[in-house]
file data.cif (mmCIF, C-alpha atoms)
data_model
#
loop_
_atom_site.group_PDB
_atom_site.id
_atom_site.type_symbol
_atom_site.label_atom_id
_atom_site.label_comp_id
_atom_site.auth_asym_id
_atom_site.auth_seq_id
_atom_site.Cartn_x
_atom_site.Cartn_y
_atom_site.Cartn_z
ATOM 1 C CA MET A 1 0.000 0.000 0.000
ATOM 2 C CA ALA A 2 0.966 3.651 0.032
ATOM 3 C CA SER A 3 4.126 4.519 1.847
ATOM 4 C CA VAL A 4 5.908 7.800 2.481
ATOM 5 C CA ARG A 5 9.434 7.755 1.105
ATOM 6 C CA PRO A 6 11.777 10.492 -0.003
ATOM 7 C CA ILE A 7 11.377 11.130 -3.688
ATOM 8 C CA ARG A 8 15.154 10.660 -4.109
ATOM 9 C CA GLN A 9 14.612 6.931 -4.010
ATOM 10 C CA ALA A 10 12.245 7.125 -6.902
ATOM 11 C CA HIS A 11 14.832 6.322 -9.507
ATOM 12 C CA ASN A 12 15.937 3.126 -7.791
ATOM 13 C CA GLU A 13 12.357 2.108 -7.301
ATOM 14 C CA SER A 14 11.533 2.367 -10.970
ATOM 15 C CA PRO A 15 12.050 -1.319 -11.806
ATOM 16 C CA ALA A 16 9.986 -2.280 -8.771
ATOM 17 C CA LEU A 17 7.280 0.120 -9.862
ATOM 18 C CA HIS A 18 7.354 -1.376 -13.324
ATOM 19 C CA ALA A 19 7.053 -4.872 -11.869
ATOM 20 C CA ARG A 20 4.173 -3.758 -9.682
ATOM 21 C CA ALA A 21 2.360 -2.266 -12.654
ATOM 22 C CA MET A 22 2.839 -5.515 -14.617
ATOM 23 C CA ASP A 23 1.686 -7.455 -11.599
ATOM 24 C CA ASN A 24 -1.419 -5.297 -11.256
ATOM 25 C CA LEU A 25 -2.307 -5.758 -14.908
ATOM 26 C CA SER A 26 -1.927 -9.528 -14.762
ATOM 27 C CA PHE A 27 -3.964 -9.580 -11.566
ATOM 28 C CA ILE A 28 -6.796 -7.744 -13.321
ATOM 29 C CA ARG A 29 -6.575 -10.078 -16.293
ATOM 30 C CA GLN A 30 -6.596 -13.211 -14.154
ATOM 31 C CA THR A 31 -9.565 -11.976 -12.150
ATOM 32 C CA MET A 32 -11.461 -11.180 -15.334
ATOM 33 C CA GLU A 33 -10.655 -14.571 -16.827
ATOM 34 C CA ARG A 34 -11.838 -16.382 -13.749
ATOM 35 C CA ALA A 35 -14.922 -14.197 -13.531
ATOM 36 C CA THR A 36 -15.904 -14.826 -17.143
ATOM 37 C CA SER A 37 -15.562 -18.599 -17.091
ATOM 38 C CA PHE A 38 -17.505 -18.361 -13.866
ATOM 39 C CA THR A 39 -20.769 -17.944 -15.725
ATOM 40 C CA ALA A 40 -20.028 -19.015 -19.289
ATOM 41 C CA VAL A 41 -21.730 -22.407 -19.052
ATOM 42 C CA PRO A 42 -25.466 -22.155 -19.659
ATOM 43 C CA GLY A 43 -27.651 -23.887 -17.075
ATOM 44 C CA TRP A 44 -30.980 -23.776 -18.903
ATOM 45 C CA GLY A 45 -29.204 -24.875 -22.070
ATOM 46 C CA GLY A 46 -28.016 -27.934 -20.169
ATOM 47 C CA VAL A 47 -31.558 -28.686 -19.049
ATOM 48 C CA ALA A 48 -32.793 -28.482 -22.653
ATOM 49 C CA MET A 49 -29.956 -30.763 -23.797
ATOM 50 C CA GLY A 50 -30.953 -33.223 -21.099
ATOM 51 C CA ILE A 51 -34.549 -33.280 -22.297
ATOM 52 C CA VAL A 52 -33.386 -33.953 -25.861
ATOM 53 C CA ALA A 53 -31.293 -36.850 -24.554
ATOM 54 C CA LEU A 54 -34.227 -38.329 -22.629
ATOM 55 C CA ILE A 55 -36.416 -38.215 -25.738
ATOM 56 C CA ALA A 56 -33.621 -39.768 -27.793
ATOM 57 C CA ALA A 57 -33.130 -42.520 -25.224
ATOM 58 C CA GLY A 58 -36.849 -43.333 -25.379
ATOM 59 C CA ILE A 59 -36.823 -43.607 -29.175
ATOM 60 C CA ALA A 60 -33.441 -45.346 -29.468
ATOM 61 C CA ASP A 61 -34.289 -47.980 -26.900
ATOM 62 C CA GLN A 62 -37.077 -49.249 -29.168
ATOM 63 C CA HIS A 63 -34.681 -49.621 -32.085
ATOM 64 C CA ARG A 64 -31.798 -51.343 -30.375
ATOM 65 C CA GLY A 65 -29.519 -53.203 -32.762
ATOM 66 C CA THR A 66 -30.740 -51.297 -35.849
ATOM 67 C CA PRO A 67 -29.254 -48.348 -37.765
ATOM 68 C CA VAL A 68 -32.129 -46.223 -36.422
ATOM 69 C CA TRP A 69 -30.585 -46.514 -32.965
ATOM 70 C CA LEU A 70 -27.337 -44.918 -34.119
ATOM 71 C CA ALA A 71 -29.134 -42.336 -36.261
ATOM 72 C CA THR A 72 -31.330 -41.308 -33.310
ATOM 73 C CA TRP A 73 -28.383 -40.707 -30.993
ATOM 74 C CA LEU A 74 -26.365 -38.879 -33.636
ATOM 75 C CA ALA A 75 -29.313 -36.628 -34.448
ATOM 76 C CA ALA A 76 -29.790 -35.981 -30.728
ATOM 77 C CA ALA A 77 -26.109 -35.044 -30.444
ATOM 78 C CA VAL A 78 -26.397 -32.527 -33.270
ATOM 79 C CA VAL A 79 -29.570 -30.984 -31.814
ATOM 80 C CA ALA A 80 -28.114 -30.885 -28.289
ATOM 81 C CA LEU A 81 -24.878 -29.287 -29.477
ATOM 82 C CA ALA A 82 -26.830 -26.623 -31.354
ATOM 83 C CA ILE A 83 -28.870 -25.910 -28.221
ATOM 84 C CA GLY A 84 -25.761 -25.811 -26.043
ATOM 85 C CA GLY A 85 -23.892 -23.521 -28.411
ATOM 86 C CA GLY A 86 -26.875 -21.224 -28.832
ATOM 87 C CA ALA A 87 -27.497 -21.027 -25.086
ATOM 88 C CA MET A 88 -23.843 -20.275 -24.433
ATOM 89 C CA ALA A 89 -23.795 -17.505 -27.014
ATOM 90 C CA ALA A 90 -27.019 -16.060 -25.562
ATOM 91 C CA LYS A 91 -25.646 -16.132 -22.036
ATOM 92 C CA ALA A 92 -22.435 -14.504 -23.204
ATOM 93 C CA ARG A 93 -24.353 -11.784 -25.036
ATOM 94 C CA ARG A 94 -26.242 -10.950 -21.894
ATOM 95 C CA GLY A 95 -22.969 -10.479 -20.050
ATOM 96 C CA GLY A 96 -21.273 -8.479 -22.823
ATOM 97 C CA THR A 97 -19.647 -9.861 -25.955
ATOM 98 C CA SER A 98 -16.194 -10.097 -24.401
ATOM 99 C CA VAL A 99 -17.393 -13.041 -22.354
ATOM 100 C CA PHE A 100 -17.949 -15.168 -25.401
ATOM 101 C CA CYS A 101 -14.667 -14.127 -26.938
ATOM 102 C CA TYR A 102 -12.549 -15.387 -24.113
ATOM 103 C CA SER A 103 -14.056 -18.058 -21.918
ATOM 104 C CA GLY A 104 -16.483 -19.270 -24.559
ATOM 105 C CA ARG A 105 -13.620 -19.851 -26.922
ATOM 106 C CA ARG A 106 -11.639 -21.674 -24.257
ATOM 107 C CA PHE A 107 -14.604 -23.869 -23.425
ATOM 108 C CA VAL A 108 -15.269 -24.732 -27.073
ATOM 109 C CA LEU A 109 -11.593 -25.391 -27.770
ATOM 110 C CA SER A 110 -11.432 -27.840 -24.864
ATOM 111 C CA TYR A 111 -14.551 -29.550 -26.128
ATOM 112 C CA ILE A 112 -13.402 -30.051 -29.705
ATOM 113 C CA PRO A 113 -10.524 -32.580 -29.315
ATOM 114 C CA PRO A 114 -12.542 -35.201 -27.372
ATOM 115 C CA PHE A 115 -15.437 -34.541 -29.744
ATOM 116 C CA LEU A 116 -13.322 -35.301 -32.815
ATOM 117 C CA VAL A 117 -11.943 -38.399 -31.117
ATOM 118 C CA GLY A 118 -15.550 -39.399 -30.455
ATOM 119 C CA ILE A 119 -16.468 -39.148 -34.140
ATOM 120 C CA LEU A 120 -13.430 -41.193 -35.130
ATOM 121 C CA LEU A 121 -14.018 -43.895 -32.520
ATOM 122 C CA THR A 122 -17.709 -44.063 -33.440
ATOM 123 C CA ILE A 123 -16.811 -44.844 -37.051
ATOM 124 C CA VAL A 124 -14.212 -47.427 -36.010
ATOM 125 C CA LEU A 125 -16.436 -49.121 -33.444
ATOM 126 C CA VAL A 126 -19.420 -49.293 -35.806
ATOM 127 C CA HIS A 127 -17.217 -50.805 -38.488
ATOM 128 C CA ALA A 128 -15.879 -53.337 -36.022
ATOM 129 C CA GLY A 129 -19.399 -54.228 -34.955
ATOM 130 C CA LEU A 130 -18.770 -52.988 -31.422
ATOM 131 C CA VAL A 131 -21.861 -50.785 -31.189
ATOM 132 C CA SER A 132 -22.340 -51.884 -27.589
ATOM 133 C CA ALA A 133 -19.164 -49.994 -26.673
ATOM 134 C CA LEU A 134 -20.547 -46.687 -27.991
ATOM 135 C CA PRO A 135 -22.506 -45.528 -24.911
ATOM 136 C CA GLY A 136 -19.463 -45.903 -22.644
ATOM 137 C CA THR A 137 -17.155 -44.272 -25.190
ATOM 138 C CA TRP A 138 -19.475 -41.307 -25.744
ATOM 139 C CA LEU A 139 -20.076 -40.729 -22.044
ATOM 140 C CA LEU A 140 -16.361 -40.977 -21.275
ATOM 141 C CA LEU A 141 -15.301 -38.593 -24.037
ATOM 142 C CA TYR A 142 -18.058 -36.102 -23.342
ATOM 143 C CA GLY A 143 -17.046 -36.120 -19.692
ATOM 144 C CA THR A 144 -13.429 -35.500 -20.657
ATOM 145 C CA GLY A 145 -14.437 -32.438 -22.676
ATOM 146 C CA VAL A 146 -16.529 -31.060 -19.823
ATOM 147 C CA VAL A 147 -13.777 -31.611 -17.256
ATOM 148 C CA THR A 148 -11.096 -29.868 -19.327
ATOM 149 C CA GLY A 149 -13.397 -27.116 -20.607
ATOM 150 C CA GLY A 150 -14.844 -26.477 -17.165
ATOM 151 C CA ALA A 151 -11.593 -26.700 -15.233
ATOM 152 C CA TYR A 152 -11.767 -22.993 -14.339
ATOM 153 C CA SER A 153 -15.516 -22.751 -14.239
ATOM 154 C CA VAL A 154 -17.879 -23.067 -11.301
ATOM 155 C CA ARG A 155 -17.360 -26.291 -9.383
ATOM 156 C CA ALA A 156 -20.540 -27.825 -10.751
ATOM 157 C CA VAL A 157 -19.109 -27.992 -14.288
ATOM 158 C CA PRO A 158 -15.960 -30.102 -13.771
ATOM 159 C CA LEU A 159 -17.914 -32.158 -11.240
ATOM 160 C CA MET A 160 -20.505 -32.903 -13.914
ATOM 161 C CA GLY A 161 -17.677 -33.925 -16.255
ATOM 162 C CA LEU A 162 -16.278 -36.323 -13.670
ATOM 163 C CA CYS A 163 -19.718 -37.862 -13.193
ATOM 164 C CA PHE A 164 -19.938 -38.400 -16.969
ATOM 165 C CA MET A 165 -16.492 -39.996 -16.999
ATOM 166 C CA ALA A 166 -17.313 -42.316 -14.111
ATOM 167 C CA LEU A 167 -20.593 -43.333 -15.735
ATOM 168 C CA GLY A 168 -18.820 -43.878 -19.062
ATOM 169 C CA ALA A 169 -16.203 -46.088 -17.453
ATOM 170 C CA PHE A 170 -18.969 -48.070 -15.790
ATOM 171 C CA ALA A 171 -20.920 -48.318 -19.055
ATOM 172 C CA LEU A 172 -17.930 -49.836 -20.854
ATOM 173 C CA PHE A 173 -18.121 -52.856 -18.549
ATOM 174 C CA ALA A 174 -21.876 -52.954 -18.008
ATOM 175 C CA PRO A 175 -24.240 -55.208 -20.006
ATOM 176 C CA ALA A 176 -24.929 -53.823 -23.488
ATOM 177 C CA ARG A 177 -28.685 -53.571 -22.887
ATOM 178 C CA TRP A 178 -28.062 -50.984 -20.180
ATOM 179 C CA GLY A 179 -26.577 -48.609 -22.755
ATOM 180 C CA ASP A 180 -29.648 -46.472 -23.393
ATOM 181 C CA GLY A 181 -30.532 -46.329 -19.719
ATOM 182 C CA LEU A 182 -27.036 -45.201 -18.792
ATOM 183 C CA MET A 183 -27.038 -42.569 -21.532
ATOM 184 C CA ALA A 184 -30.455 -41.382 -20.364
ATOM 185 C CA LEU A 185 -28.963 -41.052 -16.880
ATOM 186 C CA GLY A 186 -25.853 -39.248 -18.136
ATOM 187 C CA PHE A 187 -26.867 -37.077 -21.090
ATOM 188 C CA GLY A 188 -30.386 -36.687 -19.681
ATOM 189 C CA GLY A 189 -30.142 -36.791 -15.903
ATOM 190 C CA PHE A 190 -26.742 -35.151 -15.355
ATOM 191 C CA HIS A 191 -27.476 -32.360 -17.810
ATOM 192 C CA ILE A 192 -30.828 -31.586 -16.221
ATOM 193 C CA GLY A 193 -29.582 -31.923 -12.634
ATOM 194 C CA PHE A 194 -26.399 -29.897 -13.004
ATOM 195 C CA GLY A 195 -28.122 -27.529 -15.439
ATOM 196 C CA LEU A 196 -30.699 -26.616 -12.796
ATOM 197 C CA VAL A 197 -27.970 -26.012 -10.221
ATOM 198 C CA ILE A 198 -26.003 -23.783 -12.614
ATOM 199 C CA ALA A 199 -29.140 -21.947 -13.766
ATOM 200 C CA ARG A 200 -30.236 -21.205 -10.214
ATOM 201 C CA ARG A 201 -26.880 -20.307 -8.767
ATOM 202 C CA HIS A 202 -25.007 -18.784 -11.676
ATOM 203 C CA GLY A 203 -27.451 -16.689 -13.598
ATOM 204 C CA GLY A 204 -29.172 -18.777 -16.231
ATOM 205 C CA MET B 1 12.474 22.627 -20.695
ATOM 206 C CA ALA B 2 11.497 24.530 -17.609
ATOM 207 C CA GLU B 3 10.290 22.329 -14.812
ATOM 208 C CA PRO B 4 8.421 23.793 -11.873
ATOM 209 C CA HIS B 5 10.080 21.355 -9.438
ATOM 210 C CA ALA B 6 13.564 21.609 -10.844
ATOM 211 C CA ALA B 7 15.156 21.388 -7.406
ATOM 212 C CA ARG B 8 14.027 17.785 -6.978
ATOM 213 C CA PRO B 9 16.126 14.916 -8.258
ATOM 214 C CA ASP B 10 15.201 13.435 -11.582
ATOM 215 C CA PRO B 11 12.829 16.248 -12.382
ATOM 216 C CA GLY B 12 12.662 16.303 -16.153
ATOM 217 C CA SER B 13 12.533 12.574 -16.845
ATOM 218 C CA ARG B 14 9.331 10.891 -17.836
ATOM 219 C CA ILE B 15 9.714 8.480 -14.951
ATOM 220 C CA GLY B 16 9.733 11.330 -12.518
ATOM 221 C CA HIS B 17 6.671 12.681 -14.214
ATOM 222 C CA VAL B 18 4.831 9.379 -14.108
ATOM 223 C CA LEU B 19 5.876 8.810 -10.511
ATOM 224 C CA ARG B 20 4.445 12.137 -9.517
ATOM 225 C CA GLU B 21 1.336 11.306 -11.452
ATOM 226 C CA ASP B 22 1.296 8.008 -9.632
ATOM 227 C CA ALA B 23 1.258 9.775 -6.301
ATOM 228 C CA LEU B 24 -1.262 12.339 -7.402
ATOM 229 C CA GLU B 25 -3.689 10.535 -9.608
ATOM 230 C CA LEU B 26 -3.557 6.860 -8.817
ATOM 231 C CA ASP B 27 -6.999 5.812 -7.776
ATOM 232 C CA ARG B 28 -6.309 4.496 -4.303
ATOM 233 C CA LEU B 29 -9.853 3.286 -4.077
ATOM 234 C CA ILE B 30 -9.428 0.571 -6.659
ATOM 235 C CA HIS B 31 -5.680 0.141 -6.182
ATOM 236 C CA GLU B 32 -6.405 -2.055 -3.178
ATOM 237 C CA ARG B 33 -6.359 -5.690 -4.294
ATOM 238 C CA MET B 34 -9.749 -6.834 -3.085
ATOM 239 C CA ARG B 35 -11.477 -3.768 -4.514
ATOM 240 C CA LEU B 36 -9.572 -4.105 -7.776
ATOM 241 C CA ALA B 37 -10.723 -7.722 -7.947
ATOM 242 C CA ILE B 38 -14.368 -6.778 -7.295
ATOM 243 C CA VAL B 39 -14.312 -4.114 -10.006
ATOM 244 C CA SER B 40 -12.505 -6.432 -12.475
ATOM 245 C CA ALA B 41 -14.938 -9.280 -11.868
ATOM 246 C CA LEU B 42 -17.936 -6.985 -12.308
ATOM 247 C CA ALA B 43 -16.440 -5.496 -15.487
ATOM 248 C CA VAL B 44 -16.961 -8.811 -17.277
ATOM 249 C CA ASN B 45 -20.309 -9.717 -15.720
ATOM 250 C CA GLU B 46 -23.585 -7.880 -15.949
ATOM 251 C CA SER B 47 -24.047 -8.538 -12.253
ATOM 252 C CA LEU B 48 -22.758 -10.835 -9.537
ATOM 253 C CA THR B 49 -24.350 -11.721 -6.231
ATOM 254 C CA PHE B 50 -22.572 -11.335 -2.925
ATOM 255 C CA ASN B 51 -22.095 -15.093 -2.662
ATOM 256 C CA GLU B 52 -20.784 -15.424 -6.205
ATOM 257 C CA LEU B 53 -18.240 -12.698 -5.565
ATOM 258 C CA LYS B 54 -17.287 -14.258 -2.252
ATOM 259 C CA ARG B 55 -16.627 -17.631 -3.856
ATOM 260 C CA LEU B 56 -14.940 -16.164 -6.898
ATOM 261 C CA LEU B 57 -12.555 -14.014 -4.875
ATOM 262 C CA ASP B 58 -12.150 -16.632 -2.172
ATOM 263 C CA THR B 59 -12.748 -14.226 0.678
ATOM 264 C CA THR B 60 -14.833 -13.840 3.812
ATOM 265 C CA ASP B 61 -18.215 -12.182 4.295
ATOM 266 C CA GLY B 62 -16.709 -9.417 6.394
ATOM 267 C CA ASN B 63 -13.848 -8.604 4.064
ATOM 268 C CA LEU B 64 -16.040 -8.532 0.972
ATOM 269 C CA SER B 65 -18.741 -6.376 2.534
ATOM 270 C CA VAL B 66 -16.236 -3.817 3.841
ATOM 271 C CA HIS B 67 -14.616 -3.370 0.441
ATOM 272 C CA ALA B 68 -17.877 -3.524 -1.488
ATOM 273 C CA ARG B 69 -19.268 -0.788 0.734
ATOM 274 C CA LYS B 70 -16.304 1.475 0.003
ATOM 275 C CA LEU B 71 -16.843 1.012 -3.723
ATOM 276 C CA GLU B 72 -20.531 1.604 -3.264
ATOM 277 C CA GLU B 73 -19.901 4.832 -1.355
ATOM 278 C CA ALA B 74 -17.720 6.014 -4.235
ATOM 279 C CA ARG B 75 -20.574 5.071 -6.594
ATOM 280 C CA TYR B 76 -18.263 2.748 -8.498
ATOM 281 C CA ILE B 77 -20.671 -0.129 -7.993
ATOM 282 C CA THR B 78 -24.376 -0.323 -7.336
ATOM 283 C CA CYS B 79 -25.998 -2.731 -4.950
ATOM 284 C CA THR B 80 -29.543 -4.070 -5.084
ATOM 285 C CA LYS B 81 -31.047 -6.120 -2.310
ATOM 286 C CA SER B 82 -33.906 -8.498 -2.872
ATOM 287 C CA PHE B 83 -35.266 -11.785 -1.661
ATOM 288 C CA GLU B 84 -34.946 -15.153 -3.315
ATOM 289 C CA GLY B 85 -37.656 -17.099 -1.558
ATOM 290 C CA ARG B 86 -36.813 -16.372 2.069
ATOM 291 C CA LEU B 87 -33.114 -15.792 1.522
ATOM 292 C CA PRO B 88 -31.779 -12.270 1.083
ATOM 293 C CA ARG B 89 -29.948 -11.724 -2.173
ATOM 294 C CA THR B 90 -27.460 -8.910 -2.723
ATOM 295 C CA GLU B 91 -26.545 -8.131 -6.278
ATOM 296 C CA TYR B 92 -23.687 -5.906 -7.424
ATOM 297 C CA ARG B 93 -23.222 -4.132 -10.724
ATOM 298 C CA LEU B 94 -20.446 -1.926 -12.027
ATOM 299 C CA SER B 95 -21.579 1.667 -12.577
ATOM 300 C CA PRO B 96 -20.408 3.769 -15.543
ATOM 301 C CA ALA B 97 -18.206 5.694 -13.095
ATOM 302 C CA GLY B 98 -16.688 2.429 -11.887
ATOM 303 C CA ARG B 99 -15.981 1.273 -15.423
ATOM 304 C CA GLN B 100 -14.330 4.595 -16.145
ATOM 305 C CA ALA B 101 -12.229 4.317 -13.006
ATOM 306 C CA LEU B 102 -11.040 0.863 -14.030
ATOM 307 C CA GLU B 103 -10.194 2.101 -17.528
ATOM 308 C CA ARG B 104 -8.260 5.016 -16.037
ATOM 309 C CA TYR B 105 -6.415 2.639 -13.759
ATOM 310 C CA LEU B 106 -5.548 0.333 -16.673
ATOM 311 C CA ASP B 107 -4.339 3.297 -18.734
ATOM 312 C CA HIS B 108 -2.239 4.395 -15.828
ATOM 313 C CA MET B 109 -0.569 1.005 -15.416
ATOM 314 C CA GLU B 110 0.043 0.790 -19.146
ATOM 315 C CA ALA B 111 1.570 4.255 -19.181
ATOM 316 C CA LEU B 112 3.887 3.267 -16.347
ATOM 317 C CA ILE B 113 5.033 0.165 -18.191
ATOM 318 C CA ARG B 114 5.468 2.019 -21.473
ATOM 319 C CA THR B 115 7.533 4.702 -19.801
ATOM 320 C CA MET B 116 9.869 2.145 -18.281
ATOM 321 C CA ARG B 117 10.205 0.350 -21.587
ATOM 322 C CA ASP B 118 11.021 3.517 -23.506
ATOM 323 C CA ARG B 119 13.635 4.590 -21.012
#

call {"tool": "encode", "arguments": {"input": "data.cif", "output": "structure tokens"}}
result
Amino acid sequence: MASVRPIRQAHNESPALHARAMDNLSFIRQTMERATSFTAVPGWGGVAMGIVALIAAGIADQHRGTPVWLATWLAAAVVALAIGGGAMAAKARRGGTSVFCYSGRRFVLSYIPPFLVGILLTIVLVHAGLVSALPGTWLLLYGTGVVTGGAYSVRAVPLMGLCFMALGAFALFAPARWGDGLMALGFGGFHIGFGLVIARRHGG
Amino acid sequence: MAEPHAARPDPGSRIGHVLREDALELDRLIHERMRLAIVSALAVNESLTFNELKRLLDTTDGNLSVHARKLEEARYITCTKSFEGRLPRTEYRLSPAGRQALERYLDHMEALIRTMRDR
């Protein structure tokens, strides 16, 4: 804080002053970064994504073992991603565009690698006839994206990611017929549950 | 160039100038770390509740309310109190004056750094 010193010392203090100014600027930046990621994840968007997943699980479960099953889940993923992206952009707009620029970008960039891996593994697993491994793989990879993307977000976000990962790991070893139920629990239940918490506590 | 305080050491240099500016103009109100953090956090959020700020800045109720009040008294932030069910809810927003103060502070820090670099 402020101190009274003879001005003669000013010259020697210059580097320290410079360092303090740099330190102050990085402090402001860090605080802003933390504060933006704090609310970047949309709660209501998560709830809507969860509802889409529950509907998809209901339809897919009746078409187990057919191409319709895969098509249903892929369509649900596209719809849910569009909802999530739209909700995130809307939430960012409400808080000023800068929010989307920084933390939104970070969140999306963390999401993309596991997402691409998911597409690749889906193709490989379908080709290999290992469709029963898809629910576990999807849950695990989605969870990975949420954990890395939400690392600096409110606690609920990385926690949700960990829940997805744990459920995915379990699904990989669970009976194949549980697949839709486990995805309903994860993509449906976790999204709705955590979405409500985020919406109530962190502004939408 | 004539300097009014020519008797002082290092009078004509830009560092001396900035240092004097530092003493004269630096906004002590937001120079303090906790208050700087509150203003910075509110600059990138439309509003934050007391509890959100507390968690975000990892501080105590007492500390946050003391510093928030100082900012409020300076009209740098505005505070609205309401009820969420039966729980009181305090919401803070950055005022135009507060945003200006933060911008001034940022300019000031940048000027300091630039001056040192150009030396």

call {"tool": "residues_around", "arguments": {"input": "data.cif", "residues": "Ser95 (chain B)", "least_positions_apart": "5", "cutoff": "12 Å", "atoms": "only C-alpha atoms", "output": "number ranges by chain"}}
result
B: 39, 42-43, 45-47, 71-79, 100-102

call {"tool": "write_last_selection", "arguments": {"input": "data.cif", "atoms": "C-alpha atoms", "output": "short mmCIF file (atom, residue, chain, number, x, y, z; two decimals), in the coordinates of the input"}}
result
data_model
loop_
_atom_site.label_atom_id
_atom_site.label_comp_id
_atom_site.auth_asym_id
_atom_site.auth_seq_id
_atom_site.Cartn_x
_atom_site.Cartn_y
_atom_site.Cartn_z
CA VAL B 39 -14.31 -4.11 -10.01
CA LEU B 42 -17.94 -6.98 -12.31
CA ALA B 43 -16.44 -5.50 -15.49
CA ASN B 45 -20.31 -9.72 -15.72
CA GLU B 46 -23.58 -7.88 -15.95
CA SER B 47 -24.05 -8.54 -12.25
CA LEU B 71 -16.84 1.01 -3.72
CA GLU B 72 -20.53 1.60 -3.26
CA GLU B 73 -19.90 4.83 -1.36
CA ALA B 74 -17.72 6.01 -4.24
CA ARG B 75 -20.57 5.07 -6.59
CA TYR B 76 -18.26 2.75 -8.50
CA ILE B 77 -20.67 -0.13 -7.99
CA THR B 78 -24.38 -0.32 -7.34
CA CYS B 79 -26.00 -2.73 -4.95
CA GLN B 100 -14.33 4.60 -16.14
CA ALA B 101 -12.23 4.32 -13.01
CA LEU B 102 -11.04 0.86 -14.03
#

call {"tool": "resolve_selection", "arguments": {"input": "data.cif", "expression": "the PyMOL selection byres ((chain B) within 7 of (chain A))", "output": "mmCIF file with C-alpha atoms, in the frame of the given file"}}
result
data_model
loop_
_atom_site.group_PDB
_atom_site.id
_atom_site.type_symbol
_atom_site.label_atom_id
_atom_site.label_comp_id
_atom_site.auth_asym_id
_atom_site.auth_seq_id
_atom_site.Cartn_x
_atom_site.Cartn_y
_atom_site.Cartn_z
ATOM 1 C CA PRO B 9 16.126 14.916 -8.258
ATOM 2 C CA ALA B 37 -10.723 -7.722 -7.947
ATOM 3 C CA SER B 40 -12.505 -6.432 -12.475
ATOM 4 C CA ALA B 41 -14.938 -9.280 -11.868
ATOM 5 C CA VAL B 44 -16.961 -8.811 -17.277
ATOM 6 C CA ASN B 45 -20.309 -9.717 -15.720
ATOM 7 C CA GLU B 46 -23.585 -7.880 -15.949
ATOM 8 C CA LEU B 56 -14.940 -16.164 -6.898
ATOM 9 C CA MET B 109 -0.569 1.005 -15.416
ATOM 10 C CA LEU B 112 3.887 3.267 -16.347
ATOM 11 C CA ILE B 113 5.033 0.165 -18.191
ATOM 12 C CA MET B 116 9.869 2.145 -18.281
#

call {"tool": "atom_distance", "arguments": {"input": "data.cif", "atom1": "CA of Leu54 (chain A)", "atom2": "CA of Arg105 (chain A)"}}
result
28.0 Å

call {"tool": "closest_residue", "arguments": {"input": "data.cif", "among": "A:Ala90, A:Val78, A:Ala176, A:Ala156", "to": "Leu134 (chain A)", "atoms": "only C-alpha atoms"}}
result
A:Ala176

call {"tool": "closest_residue", "arguments": {"input": "data.cif", "among": "B:Thr49, B:Ser65, B:Arg55, B:Met34", "to": "Glu84 (chain B)", "atoms": "all atoms listed in the file"}}
result
B:Thr49

call {"tool": "resolve_selection", "arguments": {"input": "data.cif", "expression": "the PyMOL selection byres ((chain A and resi 113) around 12)", "output": "ChimeraX atom specification"}}
result
/A:107-112,114-120,141-142,144-146,148-149

call {"tool": "atom_distance", "arguments": {"input": "data.cif", "atom1": "CA of Asp61 (chain A)", "atom2": "CA of Pro135 (chain A)"}}
result
12.2 Å

call {"tool": "atom_distance", "arguments": {"input": "data.cif", "atom1": "CA of Ala166 (chain A)", "atom2": "CA of Ala87 (chain A)"}}
result
26.0 Å

call {"tool": "residues_around", "arguments": {"input": "data.cif", "residues": "Leu185 (chain A)", "least_positions_apart": "5", "cutoff": "10 Å", "atoms": "only C-alpha atoms", "output": "list in words"}}
result
Gly50, Ala53, Leu54, Ala57, Phe164, Leu167, Gly179, Asp180, Phe190, His191 and Ile192 of chain A

call {"tool": "residues_around", "arguments": {"input": "data.cif", "residues": "Leu172 (chain A)", "least_positions_apart": "5", "cutoff": "8 Å", "atoms": "all atoms listed in the file", "output": "JSON, numbers by chain"}}
result
{"A": [133, 135, 136, 137]}

call {"tool": "write_last_selection", "arguments": {"input": "data.cif", "atoms": "C-alpha atoms", "output": "mmCIF file, in the frame of the given file"}}
result
data_model
loop_
_atom_site.group_PDB
_atom_site.id
_atom_site.type_symbol
_atom_site.label_atom_id
_atom_site.label_comp_id
_atom_site.auth_asym_id
_atom_site.auth_seq_id
_atom_site.Cartn_x
_atom_site.Cartn_y
_atom_site.Cartn_z
ATOM 1 C CA ALA A 133 -19.164 -49.994 -26.673
ATOM 2 C CA PRO A 135 -22.506 -45.528 -24.911
ATOM 3 C CA GLY A 136 -19.463 -45.903 -22.644
ATOM 4 C CA THR A 137 -17.155 -44.272 -25.190
#

call {"tool": "closest_residue", "arguments": {"input": "data.cif", "among": "B:Arg33, B:Arg89, B:Arg99, B:His108", "to": "Glu52 (chain B)", "atoms": "only C-alpha atoms"}}
result
B:Arg89

call {"tool": "residues_around", "arguments": {"input": "data.cif", "residues": "Ala76 (chain A)", "least_positions_apart": "6", "cutoff": "12 Å", "atoms": "all atoms listed in the file", "output": "ChimeraX atom specification"}}
result
/A:48-60,68-70,82-84,183-184,187-188

call {"tool": "resolve_selection", "arguments": {"input": "data.cif", "expression": "the PyMOL selection byres ((chain B and resi 80) around 7)", "output": "JSON, numbers by chain"}}
result
{"B": [78, 79, 81, 82, 90, 91, 92]}
